[in-house]
file run-v3.txt (compact mmCIF, C-alpha atoms)
# COMPACT_ATOMS: atom_id res chain seq x y z
CA MET A 1 -2.17 1.86 9.07
CA ASP A 2 -2.37 -0.66 6.28
CA GLU A 3 -0.23 1.16 3.70
CA GLU A 4 3.01 3.15 3.73
CA PHE A 5 2.56 6.49 5.50
CA ILE A 6 4.33 9.52 6.90
CA PHE A 7 3.62 10.57 10.47
CA THR A 8 4.32 13.91 12.10
CA TYR A 9 4.01 15.56 15.47
CA SER A 10 1.49 18.39 15.34
CA ASP A 11 3.82 20.98 16.87
CA ILE A 12 6.54 21.01 14.20
CA LEU A 13 7.04 22.77 10.88
CA TYR A 14 9.48 21.51 8.27
CA SER A 15 10.58 22.23 4.75
CA LYS A 16 9.67 20.31 1.62
CA LYS A 17 13.34 19.34 1.40
CA VAL A 18 13.09 17.45 4.71
CA VAL A 19 10.06 15.50 3.46
CA GLN A 20 11.76 14.73 0.16
CA LYS A 21 14.74 13.29 2.01
CA LEU A 22 12.40 11.16 4.12
CA LEU A 23 10.60 9.86 1.03
CA GLU A 24 13.92 8.69 -0.43
CA SER A 25 14.41 6.23 2.44
CA ALA A 26 13.51 2.67 1.45
CA HIS A 27 13.45 1.23 4.99
CA ASP A 28 10.42 -0.07 6.89
CA PHE A 29 11.05 2.46 9.68
CA SER A 30 12.71 5.81 8.95
CA LEU A 31 12.99 8.67 11.44
CA ILE A 32 14.20 12.21 10.79
CA ILE A 33 17.09 12.93 13.15
CA ASP A 34 18.58 16.43 13.46
CA THR A 35 22.31 15.92 13.96
CA ALA A 36 22.86 19.66 14.53
CA TRP A 37 20.22 19.81 17.26
CA ARG A 38 22.42 21.52 19.84
CA GLN A 39 22.63 24.70 17.75
CA ARG A 40 18.89 25.24 18.11
CA TYR A 41 19.06 25.02 21.90
CA GLU A 42 21.80 27.68 22.21
CA ASN A 43 19.27 30.54 22.12
CA ARG A 44 16.22 28.55 23.15
CA THR A 45 15.86 29.59 26.78
CA LYS A 46 12.23 28.56 27.39
CA HIS A 47 12.57 24.94 26.26
CA PRO A 48 15.37 22.98 27.98
CA THR A 49 17.47 20.31 26.29
CA ASP A 50 16.05 17.69 28.64
CA GLU A 51 12.84 17.88 26.60
CA ALA A 52 14.66 16.73 23.45
CA GLU A 53 13.90 13.21 22.24
CA LEU A 54 17.48 12.13 21.70
CA ALA A 55 18.69 9.33 19.48
CA ILE A 56 21.66 7.05 19.73
CA VAL A 57 22.57 5.98 16.18
CA GLU A 58 25.15 3.45 14.99
CA ASN A 59 25.83 2.80 11.30
CA GLY A 60 22.60 4.55 10.31
CA LYS A 61 20.42 2.53 12.69
CA VAL A 62 18.64 4.09 15.64
CA MET A 63 19.74 2.09 18.67
CA HIS A 64 17.79 4.06 21.33
CA LEU A 65 15.34 6.97 21.63
CA SER A 66 14.77 8.76 24.93
CA LYS A 67 14.55 12.09 26.71
CA PHE A 68 16.78 10.66 29.42
CA PHE A 69 20.12 10.27 27.64
CA ASN A 70 23.18 12.29 28.44
CA PRO A 71 23.10 14.91 25.66
CA ASP A 72 26.82 14.38 25.13
CA ALA A 73 26.14 10.79 24.07
CA ALA A 74 23.35 11.69 21.64
CA TYR A 75 23.78 11.45 17.89
CA GLY A 76 20.86 13.78 17.30
CA GLU A 77 17.29 14.74 18.10
CA PHE A 78 14.26 12.89 16.72
CA ILE A 79 12.12 15.73 15.38
CA GLY A 80 8.80 13.88 15.37
CA LEU A 81 8.68 13.11 11.66
CA GLY A 82 9.08 9.71 10.07
CA LYS A 83 7.91 7.19 7.52
CA ILE A 84 6.65 3.66 7.98
CA SER A 85 6.34 1.22 5.06
CA LYS A 86 3.43 -1.13 4.53
CA THR A 87 5.48 -3.96 6.10
CA GLY A 88 6.52 -1.59 8.91
CA ALA A 89 2.87 -0.73 9.56
CA GLU A 90 2.05 -4.43 9.97
CA ILE A 91 5.01 -4.87 12.35
CA PHE A 92 4.10 -1.73 14.30
CA THR A 93 0.42 -2.70 14.64
CA ARG A 94 1.18 -6.27 15.66
CA ASN A 95 3.66 -5.18 18.34
CA TYR A 96 1.44 -2.34 19.56
CA ASN A 97 -1.46 -4.76 20.05
CA ARG A 98 0.80 -7.32 21.72
CA ALA A 99 2.09 -4.72 24.18
CA LYS A 100 -1.32 -3.20 24.83
CA TYR A 101 -3.47 -6.31 25.14
CA ASN A 102 -0.99 -8.83 26.51
CA LYS A 103 0.50 -6.30 28.92
CA THR A 104 3.97 -7.58 28.05
CA CYS A 105 6.49 -5.02 29.17
CA LYS A 106 10.21 -5.21 29.71
CA PHE A 107 9.90 -3.60 33.14
CA ALA A 108 7.33 -4.53 35.74
CA GLY A 109 4.49 -2.03 35.44
CA ARG A 110 6.45 0.20 33.05
CA PHE A 111 6.71 0.58 29.30
CA HIS A 112 10.21 1.83 28.55
CA ASP A 113 10.46 5.50 29.70
CA SER A 114 6.76 5.69 30.63
CA THR A 115 5.22 4.63 33.91
CA THR A 116 2.52 2.66 32.05
CA PHE A 117 1.68 1.63 28.51
CA GLU A 118 -1.28 4.02 28.55
CA LYS A 119 1.03 6.98 29.24
CA ALA A 120 3.66 5.95 26.69
CA TYR A 121 5.02 8.19 23.97
CA LEU A 122 5.63 7.20 20.37
CA THR A 123 9.33 6.96 21.19
CA ASP A 124 8.52 4.25 23.75
CA MET A 125 6.88 2.17 21.01
CA PHE A 126 9.90 2.65 18.76
CA GLU A 127 12.11 1.61 21.66
CA GLU A 128 9.98 -1.55 21.97
CA LEU A 129 10.52 -2.33 18.28
CA ILE A 130 14.26 -1.76 18.63
CA ASP A 131 14.38 -4.08 21.65
CA ARG A 132 12.59 -6.74 19.61
CA GLY A 133 15.20 -6.51 16.86
CA TYR A 134 13.42 -4.45 14.23
CA PRO A 135 15.80 -2.02 12.50
CA ILE A 136 14.85 1.64 12.59
CA TYR A 137 16.89 3.95 10.40
CA SER A 138 18.00 7.53 10.80
CA VAL A 139 17.42 10.05 8.03
CA ASP A 140 19.83 12.81 8.99
CA ILE A 141 19.18 16.53 8.61
CA GLN A 142 20.89 19.62 9.99
CA GLU A 143 18.20 22.27 9.43
CA GLY A 144 14.85 22.91 7.82
CA TRP A 145 12.52 22.39 10.75
CA VAL A 146 11.30 23.96 13.97
CA GLU A 147 9.32 22.79 17.00
CA LEU A 148 6.64 25.17 18.30
CA ASP A 149 6.42 24.90 22.07
CA THR A 150 6.91 28.51 23.22
CA ASP A 151 6.48 32.08 22.02
CA GLU A 152 10.24 32.08 21.47
CA ASP A 153 9.85 29.11 19.10
CA TYR A 154 7.06 30.93 17.28
CA GLU A 155 9.26 33.98 16.66
CA TYR A 156 12.06 31.73 15.42
CA ALA A 157 9.62 29.96 13.06
CA ILE A 158 8.44 33.29 11.65
CA GLN A 159 12.04 34.19 10.88
CA LEU A 160 12.69 30.82 9.22
CA ILE A 161 9.61 31.27 7.05
CA LYS A 162 10.69 34.80 6.07
CA ASP A 163 14.15 33.45 5.18
CA GLY A 164 12.61 30.66 3.09
CA LYS A 165 14.12 27.92 5.25
CA ILE A 166 10.83 26.17 6.06

call {"tool": "encode", "arguments": {"input": "run-v3.txt", "output": "structure tokens"}}
result
Amino acid sequence: MDEEFIFTYSDILYSKKVVQKLLESAHDFSLIIDTAWRQRYENRTKHPTDEAELAIVENGKVMHLSKFFNPDAAYGEFIGLGKISKTGAEIFTRNYNRAKYNKTCKFAGRFHDSTTFEKAYLTDMFEELIDRGYPIYSVDIQEGWVELDTDEDYEYAIQLIKDGKI
């Protein structure tokens, strides 16, 4: 991670339009946030909303990321797609190594939402950066992606592909 890069979860599909919007962001840390996330969960019976990685956003900045927020307080869902600049990669790597090797955690024995650093999710590392004052920005979308966790999601993805939406 020594240059600018895009990262993605392996269980999502997204349109070229979503990636283009991400590429337009000039920030060190940019995360795609679906602000219309609730619509997808209306007919998604096999994947509950408490699995959503929800974001609290103020003035374009991500203030918190967690699966444990009240959905009514959430600005949107982090879809698992983002961009980190070269400077952001240096910041991310330095703070990752500090947390991993110095065992410095905000909570005794915990690392944000995870019971240990070793079991942490990417969102826990972003939460660490936020807590340390690094700005992480939201790139808002309202469609053009799908998460593939269940057969129901797969059928939905097939329909989106047929409709030319991803």

call {"tool": "closest_residue", "arguments": {"input": "run-v3.txt", "among": "A:Ile56, A:Tyr9, A:Asp124, A:Tyr137", "to": "Ser25 (chain A)", "atoms": "only C-alpha atoms"}}
result
A:Tyr137

call {"tool": "closest_residue", "arguments": {"input": "run-v3.txt", "among": "A:Lys46, A:Arg132, A:Lys21, A:Lys100", "to": "Ala120 (chain A)", "atoms": "all atoms listed in the file"}}
result
A:Lys100

call {"tool": "residues_around", "arguments": {"input": "run-v3.txt", "residues": "Asp163 (chain A)", "least_positions_apart": "6", "cutoff": "12 Å", "atoms": "all atoms listed in the file", "output": "VMD selection string"}}
result
chain A and resid 15 144 156 to 157

call {"tool": "closest_residue", "arguments": {"input": "run-v3.txt", "among": "A:Tyr96, A:Tyr14, A:Tyr101, A:Phe7", "to": "Met125 (chain A)", "atoms": "only C-alpha atoms"}}
result
A:Tyr96

call {"tool": "residues_around", "arguments": {"input": "run-v3.txt", "residues": "Phe29 (chain A)", "least_positions_apart": "2", "cutoff": "10 Å", "atoms": "only C-alpha atoms", "output": "MDAnalysis selection string"}}
result
chainID A and resid 25:27 31 61:62 82:89 91:92 126 129 134:138

call {"tool": "write_last_selection", "arguments": {"input": "run-v3.txt", "atoms": "C-alpha atoms", "output": "PDB file, in the coordinates of the input"}}
result
ATOM      1  CA  SER A  25      14.410   6.230   2.440  1.00  0.00           C
ATOM      2  CA  ALA A  26      13.510   2.670   1.450  1.00  0.00           C
ATOM      3  CA  HIS A  27      13.450   1.230   4.990  1.00  0.00           C
ATOM      4  CA  LEU A  31      12.990   8.670  11.440  1.00  0.00           C
ATOM      5  CA  LYS A  61      20.420   2.530  12.690  1.00  0.00           C
ATOM      6  CA  VAL A  62      18.640   4.090  15.640  1.00  0.00           C
ATOM      7  CA  GLY A  82       9.080   9.710  10.070  1.00  0.00           C
ATOM      8  CA  LYS A  83       7.910   7.190   7.520  1.00  0.00           C
ATOM      9  CA  ILE A  84       6.650   3.660   7.980  1.00  0.00           C
ATOM     10  CA  SER A  85       6.340   1.220   5.060  1.00  0.00           C
ATOM     11  CA  LYS A  86       3.430  -1.130   4.530  1.00  0.00           C
ATOM     12  CA  THR A  87       5.480  -3.960   6.100  1.00  0.00           C
ATOM     13  CA  GLY A  88       6.520  -1.590   8.910  1.00  0.00           C
ATOM     14  CA  ALA A  89       2.870  -0.730   9.560  1.00  0.00           C
ATOM     15  CA  ILE A  91       5.010  -4.870  12.350  1.00  0.00           C
ATOM     16  CA  PHE A  92       4.100  -1.730  14.300  1.00  0.00           C
ATOM     17  CA  PHE A 126       9.900   2.650  18.760  1.00  0.00           C
ATOM     18  CA  LEU A 129      10.520  -2.330  18.280  1.00  0.00           C
ATOM     19  CA  TYR A 134      13.420  -4.450  14.230  1.00  0.00           C
ATOM     20  CA  PRO A 135      15.800  -2.020  12.500  1.00  0.00           C
ATOM     21  CA  ILE A 136      14.850   1.640  12.590  1.00  0.00           C
ATOM     22  CA  TYR A 137      16.890   3.950  10.400  1.00  0.00           C
ATOM     23  CA  SER A 138      18.000   7.530  10.800  1.00  0.00           C
TER      24      SER A 138
END

call {"tool": "atom_distance", "arguments": {"input": "run-v3.txt", "atom1": "CA of Leu22 (chain A)", "atom2": "CA of Asp72 (chain A)"}}
result
25.7 Å

call {"tool": "residues_around", "arguments": {"input": "run-v3.txt", "residues": "Asp151 (chain A)", "least_positions_apart": "3", "cutoff": "12 Å", "atoms": "only C-alpha atoms", "output": "compact mmCIF listing (two decimals) with C-alpha atoms, in the coordinates of the input"}}
result
# COMPACT_ATOMS: atom_id res chain seq x y z
CA ARG A 44 16.22 28.55 23.15
CA THR A 45 15.86 29.59 26.78
CA LYS A 46 12.23 28.56 27.39
CA HIS A 47 12.57 24.94 26.26
CA GLU A 147 9.32 22.79 17.00
CA LEU A 148 6.64 25.17 18.30
CA TYR A 154 7.06 30.93 17.28
CA GLU A 155 9.26 33.98 16.66
CA TYR A 156 12.06 31.73 15.42
CA ALA A 157 9.62 29.96 13.06
CA ILE A 158 8.44 33.29 11.65

call {"tool": "closest_residue", "arguments": {"input": "run-v3.txt", "among": "A:Thr8, A:Gln142, A:Asn43, A:Thr35", "to": "Gly60 (chain A)", "atoms": "all atoms listed in the file"}}
result
A:Thr35

call {"tool": "atom_distance", "arguments": {"input": "run-v3.txt", "atom1": "CA of Val57 (chain A)", "atom2": "CA of Ala73 (chain A)"}}
result
9.9 Å

call {"tool": "residues_near_point", "arguments": {"input": "run-v3.txt", "point": "(13.1, 16.6, 0.6)", "cutoff": "12 Å", "atoms": "all atoms listed in the file", "output": "list in words"}}
result
Tyr14, Ser15, Lys16, Lys17, Val18, Val19, Gln20, Lys21, Leu22, Leu23, Glu24, Ser25, Ile32, Val139, Asp140, Ile141, Glu143, Gly144, Trp145 and Ile166 of chain A

call {"tool": "atom_distance", "arguments": {"input": "run-v3.txt", "atom1": "CA of Leu65 (chain A)", "atom2": "CA of Ile130 (chain A)"}}
result
9.3 Å

call {"tool": "closest_residue", "arguments": {"input": "run-v3.txt", "among": "A:Leu122, A:Met1, A:Ala99, A:Ile33", "to": "Ala74 (chain A)", "atoms": "all atoms listed in the file"}}
result
A:Ile33

call {"tool": "closest_residue", "arguments": {"input": "run-v3.txt", "among": "A:Asp153, A:Gly80, A:Ser66, A:Asp11", "to": "Ser30 (chain A)", "atoms": "all atoms listed in the file"}}
result
A:Gly80

call {"tool": "residues_around", "arguments": {"input": "run-v3.txt", "residues": "region 53-55 of chain A", "least_positions_apart": "5", "cutoff": "8 Å", "atoms": "all atoms listed in the file", "output": "count of residues only"}}
result
17
